[in-house]
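Comments concern the structure below.
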There are 2 protein chains.
Amino acid sequence: MHRVCVISAEQTPFGRSEEPGREMLIDAASRAVTSAGISPKDVQAGYVSTCFGFLEMQGHYGPLLMSALGIPEVPCTSVESACASGSSAIREAYMSIAGGFYDCVLVAGFERVMHLDTLKATTYFTMGCDRVFEGVHGATFPGLYAVMARAYFDRYGAAEEDLAHIAVKNHANAMDNPNAHLKKRIDVGDVMRSPYVASPLKLYDCCPFSDGAAAALLCSEGFARRYAQEYIEVVSSARSGGPLALHDGADLTSIPSAVRAGAEALARSRMERRDVDLLEVHDCFTIAEAVALEDLGFAPRGEGASLAREGVTLRDGDLPVNTSGGLKAKGHPVGATGIAQVVEVVDQMFCRAGRRQVDGATTALTHNVGATGGSCSVHIFRRVR
Amino acid sequence: MHRVCVISAEQTPFGRSEEPGREMLIDAASRAVTSAGISPKDVQAGYVSTCFGFLEMQGHYGPLLMSALGIPEVPCTSVESACASGSSAIREAYMSIAGGFYDCVLVAGFERVMHLDTLKATTYFTMGCDRVFEGVHGATFPGLYAVMARAYFDRYGAAEEDLAHIAVKNHANAMDNPNAHLKKRIDVGDVMRSPYVASPLKLYDCCPFSDGAAAALLCSEGFARRYAQEYIEVVSSARSGGPLALHDGADLTSIPSAVRAGAEALARSRMERRDVDLLEVHDCFTIAEAVALEDLGFAPRGEGASLAREGVTLRDGDLPVNTSGGLKAKGHPVGATGIAQVVEVVDQMFCRAGRRQVDGATTALTHNVGATGGSCSVHIFRRVR
């Protein structure tokens with residue numbers, strides 16, 4: 001298989017957008033092309049990721065984007081895997097390059113939901129879970145992740161304060177991310193005093209609804225060498241599935257698709273966990289970050305929740321996690337999220353992360369989950385030059 | 001690259017379904033697995049194609065399908081490319097196998113729109129075109145294809161009767177397809193007397209809105225040899241893009257994405273056009289079949305419209321086209337259509353097409369277009385054993 005590289009990744013500022021989704025999509029994609037220093041004509045294929053693009057009564061975003069970039073002849077397909085849509089798009093691009101089909105593939109995702117009221121947005125989000133067996137019975141994502149948090153607390157004795165430290169860390173990181181949605185420094189007391197959304201998860205345990213778009217350029221190593229000043233190898237890509245409905249899983253305190261994708265990505269990378277300099281994990285809720293670190297094997301079972309409190313996952317800690325601010329504070333425009341994780345990887349690997357910079361970081365792992373684990377993709381990156 | 005094969009393809013009966021889309025999807029996928037004689041456990045990845053699955057307030061159909069099949073651990077991604085969604089899913093599966101990532105991939109697509117009234121369905125369908133520059137100004141697909149038909153008539157002097165023969169042929173083929181939506185034998189007079197939908201296209205020039213699902217199993221040649229009694233090689237796969245908006249194209253009488261995908265698929269197949277025994281082309285409107293035959297190089301410019309009248313494209317003609325009944329009469333459940341074309345290929349190659357059987361057919365080409373050409377995939381197949 002051919003080696004796959006990333007030569008650029010860019011995003012729009014996350015938050016509320018008055019622009020329609022299509023404009024954000026085009027904006028992010030244009031930035032990625034410009035940032036890579038290539039011509040749109042060098043792009044040979046594309047993938048668009050979105051979950052709620054239909055809200056603008058528009059589908060077929062692939063040719064929409066390529067037409068806007070002046071390269072309508074380039075094939076571009078939309079992909080969707082709930083909150084893991086962005087990483088699914090990256091996965092498809094990865095396979096198409098590794099398989100030798102293309103040398104340069106544009107991946108771009110977006111979402112725009114902040115114009116909806118909370119009830120409506122929450123309802124649309126339940127499209128990612130099993131509508132018939134979960135959604136219509138009143139299950140929401142805060143509710144489903146609250147079930148996981150409650151089970152986790154029951155089994156491991158962790159407490160709400162542990163999760164609060166995760167929120168505080170990610171908000172602090174977002175303060176230094178100019179593209180982050182939530183720019184509010186909080187402390188543990190703020191989290192603890194925030195109202196319950198679905199006990200034991202409080203307002204500050206939950207990521208926001210966000211508008212935004214992100215894009216990345218993936219290419220063959222040959223292309224990267226020829227065109228890029230600096231580039232990052234996608235050392236491995238893995239994707240796994242899991243039960244769509246939470247109640248069909250064997251264990252409420254682990255996401256098996258993440259366990260499998262993480263193990264496969266690490267095995268293929270021939271790297272040890274200690275070789276990974278930083279992680280961007282799917283913290284749609286604080287409990288999700290704790291579980292992610294355990295699923296990926298970076299924390300023993302029951303200990304993922306305490307790593308933020310202990311300082312391990314701070315950006316100057318031993319294992320910086322979500323230096324971007326994560327979904328929690330950078331924001332979570334669903335179709336863009338998996339790609340925005342790569343934006344942080346690129347910023348860090350290319351030493352453009354400003355005050356978020358993790359000194360000497362040359363490797364990173366991204367973990368992007370759809371729903372409560374129906375899908376998960378894990379990618380591992382290593383700076384080449 | 002690894003060789004890619006098809007070992008089964010099945011569909012639900014097209015027409016009106018009282019079942020929700022998810023049930024049709026599971027039904028078609030189960031049939032494909034059963035028909036292949038494999039266990040669901042042999043499936044390593046999946047792709048789901050749908051455009052309007054959101055109408056059931058459900059997304060994330062990949063894990064929904066895999067969970068229903070009892071293989072939740074298998075990664076499965078949804079893809080969308082308007083009316084070319086089905087062939088986009090096949091394309092992704094093809095690349096994942098050819099690239100050596102998987103040995104057995106399930107592809108399944110569905111749509112359910114017949115419960116909508118015509119205005120609503122027509123409006124949703126415009127999501128495939130450019131909403132801002134076409135849809136909101138009143139453009140519909142019958143209208144856009146009528147523009148193409150008018151331009152074609154003006155340039156080449158063809159007449160409505162020519163197109164009528166295409167409708168008559170495809171309806172006749174559908175009479176012998178037990179899964180076809182429209183089971184009504186018509187003659188040229190019926191077509192000519194049918195009311196205009198968008199002049200010069202009349203009711204019988206237009207495919208119906210259909211409900212339905214289709215699924216196919218693609219695999220490596222090694223897998224096919226080991227598990228399948230008979231199989232078909234996917235000799236080549238090509239996909240191209242085009243302007244999303246019809247008015248951005250250079251020519252109203254040709255779809256450039258089809259020209260490119262067709263030429264690439266033929267070149268990669270190392271086959272000549274005369275080696276192709278039958279074609280399933282995207283006849284959402286009769287004019288589309290005429291243009292498709294020209295875009296693919298099976299008819300000189302201006303002569304595609306007369307091939308049905310001349311008997312060339314009848315199933316006992318020199319070049320059988322849309323023996324299934326085509327979108328025109330077999331039906332057009334958007335997300336399923338590109339896969340249903342492969343169902344016909346499999347039925348023909350495996351000599352299961354009953355009265356539709358083209359004697360001695362061992363090769364076939366499928367052509368699936370999104371919108372007015374924003375995307376197009378062409379696949380070429382050859383029976384191996």
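Each chain in the structure tokens gets a letter, A, B, ..., in the order shown, and its residues are numbered from 1; ligands are numbered from 1 in order too.
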task = Please report, as an MDAnalysis selection string, each residue of segment 180-330 of chain A to which DSSP assigns strand (DSSP E) when run on this structure's backbone.
result = chainID A and resid 196:198 201:202 212:220 232:241 278:280
Those in segment 50-126 of chain A with helix (DSSP H, G or I) from DSSP, as JSON, numbers by chain = {"A": [53, 54, 55, 56, 61, 62, 63, 64, 65, 66, 67, 68, 85, 86, 87, 88, 89, 90, 91, 92, 93, 94, 95, 96, 97, 98, 118, 119, 120, 121, 122, 123, 124, 125, 126]}
Moved coordinates, chain B onto chain A, all Cα atoms, as a short mmCIF file (atom, residue, chain, number, x, y, z; two decimals) with C-alpha atoms, in the first residue's frame:
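Heads up, here's the output in part25.cif:
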```cif
data_model
loop_
_atom_site.label_atom_id
_atom_site.label_comp_id
_atom_site.auth_asym_id
_atom_site.auth_seq_id
_atom_site.Cartn_x
_atom_site.Cartn_y
_atom_site.Cartn_z
CA MET B 1 -0.01 -0.01 -0.03
CA HIS B 2 1.05 3.55 -0.66
CA ARG B 3 1.91 5.88 2.18
CA VAL B 4 -0.65 8.57 2.88
CA CYS B 5 0.20 12.07 4.09
CA VAL B 6 -1.56 15.22 5.25
CA ILE B 7 -0.26 18.49 3.86
CA SER B 8 -2.84 20.88 5.25
CA ALA B 9 -5.91 21.12 7.44
CA GLU B 10 -7.93 24.23 8.13
CA GLN B 11 -11.21 25.19 9.69
CA THR B 12 -13.62 28.06 9.98
CA PRO B 13 -14.08 29.59 13.42
CA PHE B 14 -16.53 27.34 15.26
CA GLY B 15 -19.58 28.96 16.85
CA ARG B 16 -22.70 30.48 15.42
CA SER B 17 -22.61 31.13 11.70
CA GLU B 18 -24.94 33.37 9.75
CA GLU B 19 -23.52 31.85 6.57
CA PRO B 20 -25.25 28.81 5.11
CA GLY B 21 -23.47 25.49 5.45
CA ARG B 22 -22.45 25.39 1.82
CA GLU B 23 -20.52 28.64 2.19
CA MET B 24 -18.73 27.41 5.29
CA LEU B 25 -17.85 24.21 3.47
CA ILE B 26 -16.40 26.06 0.50
CA ASP B 27 -14.58 28.44 2.85
CA ALA B 28 -12.86 25.65 4.80
CA ALA B 29 -11.97 23.73 1.64
CA SER B 30 -10.52 26.82 0.00
CA ARG B 31 -8.43 27.53 3.06
CA ALA B 32 -7.06 23.98 3.02
CA VAL B 33 -6.09 24.24 -0.64
CA THR B 34 -4.50 27.66 -0.16
CA SER B 35 -2.70 26.59 2.98
CA ALA B 36 -1.20 23.60 1.17
CA GLY B 37 0.14 25.89 -1.51
CA ILE B 38 -1.33 23.77 -4.28
CA SER B 39 -3.77 24.58 -7.05
CA PRO B 40 -7.32 23.25 -6.90
CA LYS B 41 -6.43 21.57 -10.20
CA ASP B 42 -4.10 19.25 -8.29
CA VAL B 43 -7.06 17.75 -6.40
CA GLN B 44 -8.13 14.42 -7.91
CA ALA B 45 -11.04 13.40 -5.68
CA GLY B 46 -12.98 14.65 -2.72
CA TYR B 47 -15.16 13.61 0.19
CA VAL B 48 -17.69 15.76 2.01
CA SER B 49 -18.94 14.87 5.47
CA THR B 50 -22.19 16.21 6.87
CA CYS B 51 -25.11 14.92 8.89
CA PHE B 52 -27.56 17.78 8.71
CA GLY B 53 -26.78 19.31 5.35
CA PHE B 54 -30.31 18.32 4.36
CA LEU B 55 -31.63 21.07 6.63
CA GLU B 56 -30.71 23.50 3.85
CA MET B 57 -32.70 21.39 1.38
CA GLN B 58 -29.46 20.54 -0.37
CA GLY B 59 -27.77 17.21 -0.97
CA HIS B 60 -25.08 16.26 -3.47
CA TYR B 61 -22.58 18.51 -1.71
CA GLY B 62 -19.67 16.78 -3.46
CA PRO B 63 -20.19 18.36 -6.89
CA LEU B 64 -21.42 21.53 -5.20
CA LEU B 65 -18.04 21.92 -3.52
CA MET B 66 -15.98 20.89 -6.53
CA SER B 67 -17.97 23.22 -8.79
CA ALA B 68 -17.36 26.10 -6.38
CA LEU B 69 -13.64 25.36 -6.38
CA GLY B 70 -13.57 25.46 -10.17
CA ILE B 71 -12.86 21.76 -10.54
CA PRO B 72 -16.29 20.28 -11.34
CA GLU B 73 -14.75 17.30 -13.13
CA VAL B 74 -13.31 15.99 -9.85
CA PRO B 75 -15.45 13.21 -8.32
CA CYS B 76 -16.58 13.98 -4.79
CA THR B 77 -18.79 11.82 -2.58
CA SER B 78 -20.65 12.66 0.62
CA VAL B 79 -20.28 10.38 3.62
CA GLU B 80 -22.16 10.18 6.88
CA SER B 81 -21.52 8.25 10.08
CA ALA B 82 -23.20 10.49 12.66
CA CYS B 83 -20.61 12.28 14.80
CA ALA B 84 -17.85 10.18 13.20
CA SER B 85 -18.65 11.48 9.72
CA GLY B 86 -15.51 13.57 9.46
CA SER B 87 -13.18 10.71 10.25
CA SER B 88 -15.15 8.44 7.93
CA ALA B 89 -14.40 10.87 5.13
CA ILE B 90 -10.74 10.83 6.09
CA ARG B 91 -10.84 7.04 6.15
CA GLU B 92 -12.29 6.89 2.62
CA ALA B 93 -9.69 9.35 1.38
CA TYR B 94 -6.97 7.37 3.10
CA MET B 95 -8.06 4.11 1.45
CA SER B 96 -8.34 5.72 -1.98
CA ILE B 97 -4.76 7.02 -1.76
CA ALA B 98 -3.25 3.98 -0.03
CA GLY B 99 -4.91 1.82 -2.67
CA GLY B 100 -3.28 3.82 -5.45
CA PHE B 101 -6.41 5.38 -6.92
CA TYR B 102 -5.56 9.00 -6.27
CA ASP B 103 -2.59 11.15 -5.31
CA CYS B 104 -4.39 14.13 -3.80
CA VAL B 105 -7.78 14.04 -2.09
CA LEU B 106 -9.68 16.89 -0.46
CA VAL B 107 -11.77 16.09 2.60
CA ALA B 108 -14.21 18.69 3.91
CA GLY B 109 -17.03 18.60 6.42
CA PHE B 110 -19.48 21.04 7.90
CA GLU B 111 -22.56 21.46 10.00
CA ARG B 112 -24.95 24.29 10.76
CA VAL B 113 -27.52 23.71 13.49
CA MET B 114 -27.31 26.68 15.85
CA HIS B 115 -30.29 28.40 14.24
CA LEU B 116 -32.42 25.54 15.60
CA ASP B 117 -33.88 25.71 19.09
CA THR B 118 -32.43 23.24 21.58
CA LEU B 119 -35.35 20.82 21.42
CA LYS B 120 -35.21 20.65 17.66
CA ALA B 121 -31.43 20.35 17.55
CA THR B 122 -31.50 17.62 20.21
CA THR B 123 -34.13 15.76 18.23
CA TYR B 124 -32.16 15.95 15.00
CA PHE B 125 -29.08 14.72 16.84
CA THR B 126 -30.97 11.59 17.89
CA MET B 127 -30.90 10.59 14.21
CA GLY B 128 -27.42 9.31 15.06
CA CYS B 129 -28.78 6.82 17.58
CA ASP B 130 -31.42 4.18 16.92
CA ARG B 131 -34.55 6.18 16.27
CA VAL B 132 -36.96 3.29 16.75
CA PHE B 133 -35.40 1.69 19.80
CA GLU B 134 -33.94 4.79 21.46
CA GLY B 135 -34.98 8.13 20.01
CA VAL B 136 -38.76 7.77 20.02
CA HIS B 137 -38.64 6.59 23.61
CA GLY B 138 -37.10 9.84 24.69
CA ALA B 139 -33.44 8.91 24.66
CA THR B 140 -31.15 11.82 23.80
CA PHE B 141 -27.38 11.87 23.60
CA PRO B 142 -26.99 13.64 26.94
CA GLY B 143 -29.29 10.98 28.35
CA LEU B 144 -27.42 8.07 26.77
CA TYR B 145 -24.02 9.34 27.87
CA ALA B 146 -25.46 10.00 31.33
CA VAL B 147 -26.32 6.31 31.50
CA MET B 148 -22.72 5.54 30.67
CA ALA B 149 -21.47 8.02 33.27
CA ARG B 150 -23.76 6.58 35.94
CA ALA B 151 -22.58 3.05 35.17
CA TYR B 152 -18.98 4.24 35.24
CA PHE B 153 -19.45 5.93 38.61
CA ASP B 154 -21.16 2.85 40.01
CA ARG B 155 -18.42 0.53 38.85
CA TYR B 156 -15.32 2.59 39.53
CA GLY B 157 -16.32 5.00 42.27
CA ALA B 158 -15.38 8.07 40.23
CA ALA B 159 -17.24 11.26 40.97
CA GLU B 160 -18.67 14.27 39.20
CA GLU B 161 -15.66 16.34 40.29
CA ASP B 162 -13.38 14.06 38.26
CA LEU B 163 -15.33 14.85 35.12
CA ALA B 164 -15.41 18.52 36.02
CA HIS B 165 -11.63 18.62 35.73
CA ILE B 166 -11.92 17.38 32.15
CA ALA B 167 -14.26 20.25 31.31
CA VAL B 168 -11.98 22.78 33.01
CA LYS B 169 -8.95 21.51 31.08
CA ASN B 170 -10.68 21.60 27.72
CA HIS B 171 -12.11 25.05 28.31
CA ALA B 172 -8.65 26.27 29.27
CA ASN B 173 -7.21 24.84 26.05
CA ALA B 174 -9.95 26.46 24.00
CA MET B 175 -9.03 29.86 25.46
CA ASP B 176 -5.89 29.66 23.38
CA ASN B 177 -7.56 28.37 20.24
CA PRO B 178 -8.70 31.30 18.10
CA ASN B 179 -11.16 29.04 16.27
CA ALA B 180 -12.81 27.59 19.36
CA HIS B 181 -16.50 28.02 20.02
CA LEU B 182 -16.54 28.40 23.81
CA LYS B 183 -14.16 31.06 25.04
CA LYS B 184 -14.88 30.95 28.72
CA ARG B 185 -12.41 29.98 31.38
CA ILE B 186 -14.19 27.93 34.02
CA ASP B 187 -13.22 26.28 37.27
CA VAL B 188 -14.42 23.14 38.96
CA GLY B 189 -16.90 25.12 41.01
CA ASP B 190 -18.47 26.52 37.84
CA VAL B 191 -18.95 23.01 36.49
CA MET B 192 -20.31 21.67 39.77
CA ARG B 193 -22.78 24.53 40.08
CA SER B 194 -24.02 24.22 36.49
CA PRO B 195 -27.47 22.69 36.11
CA TYR B 196 -27.98 19.02 35.34
CA VAL B 197 -28.74 18.26 31.72
CA ALA B 198 -29.03 14.53 32.37
CA SER B 199 -27.75 13.51 35.79
CA PRO B 200 -24.87 13.04 36.48
CA LEU B 201 -23.94 15.18 33.44
CA LYS B 202 -24.26 18.90 33.96
CA LEU B 203 -24.28 21.73 31.47
CA TYR B 204 -20.50 22.06 31.52
CA ASP B 205 -20.07 18.33 30.97
CA CYS B 206 -21.71 18.70 27.56
CA CYS B 207 -20.27 19.96 24.30
CA PRO B 208 -22.23 22.72 22.58
CA PHE B 209 -24.15 22.60 19.33
CA SER B 210 -21.80 24.39 16.94
CA ASP B 211 -21.72 25.63 13.38
CA GLY B 212 -18.52 25.26 11.45
CA ALA B 213 -16.52 23.55 8.76
CA ALA B 214 -13.10 21.94 8.45
CA ALA B 215 -11.06 20.55 5.58
CA ALA B 216 -7.87 18.62 5.03
CA LEU B 217 -5.72 17.64 2.09
CA LEU B 218 -4.50 14.06 2.02
CA CYS B 219 -2.04 12.87 -0.57
CA SER B 220 0.48 10.25 -1.52
CA GLU B 221 3.99 10.59 -0.16
CA GLY B 222 5.25 11.35 -3.64
CA PHE B 223 2.81 14.23 -3.96
CA ALA B 224 3.73 15.52 -0.51
CA ARG B 225 7.44 15.43 -1.28
CA ARG B 226 6.92 17.29 -4.52
CA TYR B 227 4.54 19.98 -3.36
CA ALA B 228 4.74 20.42 0.39
CA GLN B 229 7.24 22.31 2.50
CA GLU B 230 6.27 20.13 5.42
CA TYR B 231 4.00 17.15 5.79
CA ILE B 232 2.67 14.55 8.16
CA GLU B 233 2.29 10.85 7.48
CA VAL B 234 -0.98 9.15 8.32
CA VAL B 235 0.77 6.21 9.89
CA SER B 236 -2.39 4.19 10.28
CA SER B 237 -6.12 4.32 9.83
CA ALA B 238 -8.63 2.00 11.45
CA ARG B 239 -12.37 1.95 11.63
CA SER B 240 -14.75 -0.30 13.48
CA GLY B 241 -18.45 -0.59 14.16
CA GLY B 242 -20.52 -1.25 17.23
CA PRO B 243 -24.15 -1.72 18.14
CA LEU B 244 -26.21 1.29 17.08
CA ALA B 245 -28.32 1.16 20.23
CA LEU B 246 -26.51 1.60 23.54
CA HIS B 247 -28.58 -1.14 25.18
CA ASP B 248 -27.26 -3.70 22.69
CA GLY B 249 -23.72 -3.31 23.97
CA ALA B 250 -22.25 -5.69 26.52
CA ASP B 251 -20.82 -2.96 28.75
CA LEU B 252 -21.97 0.60 29.44
CA THR B 253 -18.50 1.76 30.48
CA SER B 254 -16.64 1.01 27.26
CA ILE B 255 -17.14 1.58 23.54
CA PRO B 256 -16.02 -1.59 21.77
CA SER B 257 -15.68 0.03 18.34
CA ALA B 258 -13.12 2.39 19.89
CA VAL B 259 -11.29 -0.48 21.56
CA ARG B 260 -11.03 -2.32 18.24
CA ALA B 261 -10.18 0.70 16.08
CA GLY B 262 -7.62 1.89 18.60
CA ALA B 263 -5.93 -1.48 18.90
CA GLU B 264 -5.86 -1.93 15.14
CA ALA B 265 -4.51 1.58 14.50
CA LEU B 266 -1.77 1.12 17.10
CA ALA B 267 -0.84 -2.32 15.80
CA ARG B 268 -0.59 -1.09 12.23
CA SER B 269 1.44 1.94 13.26
CA ARG B 270 4.06 -0.25 14.96
CA MET B 271 4.17 2.45 17.59
CA GLU B 272 3.82 2.03 21.33
CA ARG B 273 1.37 4.13 23.25
CA ARG B 274 4.27 5.94 24.90
CA ASP B 275 5.35 7.08 21.43
CA VAL B 276 2.15 9.10 20.98
CA ASP B 277 2.74 12.73 21.89
CA LEU B 278 -0.85 13.96 22.01
CA LEU B 279 -4.40 12.82 21.53
CA GLU B 280 -7.54 14.42 20.17
CA VAL B 281 -10.38 12.27 21.45
CA HIS B 282 -14.13 12.45 21.05
CA ASP B 283 -15.27 14.28 24.19
CA CYS B 284 -18.86 15.04 23.28
CA PHE B 285 -19.36 14.73 27.03
CA THR B 286 -16.67 14.73 29.70
CA ILE B 287 -17.37 11.06 30.46
CA ALA B 288 -16.57 10.29 26.82
CA GLU B 289 -13.01 11.56 27.23
CA ALA B 290 -12.51 9.38 30.30
CA VAL B 291 -13.85 6.30 28.52
CA ALA B 292 -11.87 7.10 25.36
CA LEU B 293 -8.57 7.09 27.22
CA GLU B 294 -9.40 3.68 28.66
CA ASP B 295 -10.74 2.26 25.39
CA LEU B 296 -7.52 3.35 23.65
CA GLY B 297 -5.41 1.80 26.37
CA PHE B 298 -3.89 5.05 27.63
CA ALA B 299 -5.44 4.57 31.05
CA PRO B 300 -6.34 1.45 33.02
CA ARG B 301 -10.06 0.82 33.40
CA GLY B 302 -11.56 3.14 35.95
CA GLU B 303 -8.66 5.57 35.87
CA GLY B 304 -9.44 7.62 32.75
CA ALA B 305 -11.69 9.96 34.69
CA SER B 306 -8.97 11.07 37.07
CA LEU B 307 -6.24 11.92 34.55
CA ALA B 308 -7.31 15.53 34.09
CA ARG B 309 -7.56 16.08 37.84
CA GLU B 310 -4.08 14.59 38.22
CA GLY B 311 -2.73 16.89 35.52
CA VAL B 312 -1.65 14.05 33.23
CA THR B 313 -3.78 15.20 30.30
CA LEU B 314 -3.06 18.91 30.63
CA ARG B 315 -1.12 20.25 27.73
CA ASP B 316 2.05 20.36 29.81
CA GLY B 317 1.27 16.95 31.29
CA ASP B 318 2.65 13.59 30.31
CA LEU B 319 -0.20 12.90 27.88
CA PRO B 320 -1.81 16.06 26.46
CA VAL B 321 -5.41 15.34 25.47
CA ASN B 322 -7.63 17.67 23.47
CA THR B 323 -5.24 20.57 23.30
CA SER B 324 -7.64 22.11 20.78
CA GLY B 325 -10.31 22.39 23.46
CA GLY B 326 -11.96 19.21 22.20
CA LEU B 327 -15.56 18.89 21.17
CA LYS B 328 -16.31 20.13 24.66
CA ALA B 329 -14.99 23.66 24.13
CA LYS B 330 -13.60 23.97 20.61
CA GLY B 331 -17.10 22.95 19.57
CA HIS B 332 -18.81 20.10 17.75
CA PRO B 333 -20.16 20.89 14.27
CA VAL B 334 -20.83 17.23 13.68
CA GLY B 335 -19.71 16.70 10.09
CA ALA B 336 -16.61 18.82 10.65
CA THR B 337 -15.49 17.37 13.98
CA GLY B 338 -13.39 14.44 12.81
CA ILE B 339 -11.58 16.69 10.35
CA ALA B 340 -11.14 19.48 12.92
CA GLN B 341 -9.25 16.97 15.06
CA VAL B 342 -6.76 16.76 12.21
CA VAL B 343 -6.59 20.56 12.11
CA GLU B 344 -5.23 20.43 15.65
CA VAL B 345 -2.81 17.66 14.70
CA VAL B 346 -1.51 19.75 11.80
CA ASP B 347 -1.25 22.89 13.95
CA GLN B 348 0.72 20.95 16.54
CA MET B 349 2.96 19.02 14.13
CA PHE B 350 3.71 22.17 12.13
CA CYS B 351 4.36 24.14 15.34
CA ARG B 352 1.56 26.60 14.64
CA ALA B 353 -0.44 25.98 17.78
CA GLY B 354 0.70 29.15 19.57
CA ARG B 355 0.13 28.93 23.30
CA ARG B 356 -1.41 25.48 22.83
CA GLN B 357 1.84 24.14 21.39
CA VAL B 358 3.05 20.89 22.89
CA ASP B 359 6.82 21.18 22.74
CA GLY B 360 8.45 18.67 20.47
CA ALA B 361 5.22 16.93 19.48
CA THR B 362 5.77 14.85 16.38
CA THR B 363 3.09 12.17 16.73
CA ALA B 364 -0.61 12.28 17.45
CA LEU B 365 -3.72 10.12 17.56
CA THR B 366 -7.29 11.10 16.71
CA HIS B 367 -10.36 9.23 17.94
CA ASN B 368 -13.81 10.08 16.57
CA VAL B 369 -16.97 8.29 17.67
CA GLY B 370 -20.40 8.14 16.03
CA ALA B 371 -23.34 8.12 18.47
CA THR B 372 -22.64 5.87 21.47
CA GLY B 373 -20.17 3.82 19.46
CA GLY B 374 -21.99 2.68 16.33
CA SER B 375 -18.86 3.74 14.51
CA CYS B 376 -15.38 4.79 15.46
CA SER B 377 -12.31 5.75 13.48
CA VAL B 378 -8.82 6.12 14.88
CA HIS B 379 -5.95 7.66 12.95
CA ILE B 380 -2.32 7.99 13.96
CA PHE B 381 -0.04 10.69 12.56
CA ARG B 382 3.69 11.30 12.50
CA ARG B 383 5.45 14.41 11.34
CA VAL B 384 7.86 13.64 8.52
CA ARG B 385 9.35 17.06 7.85
#
```
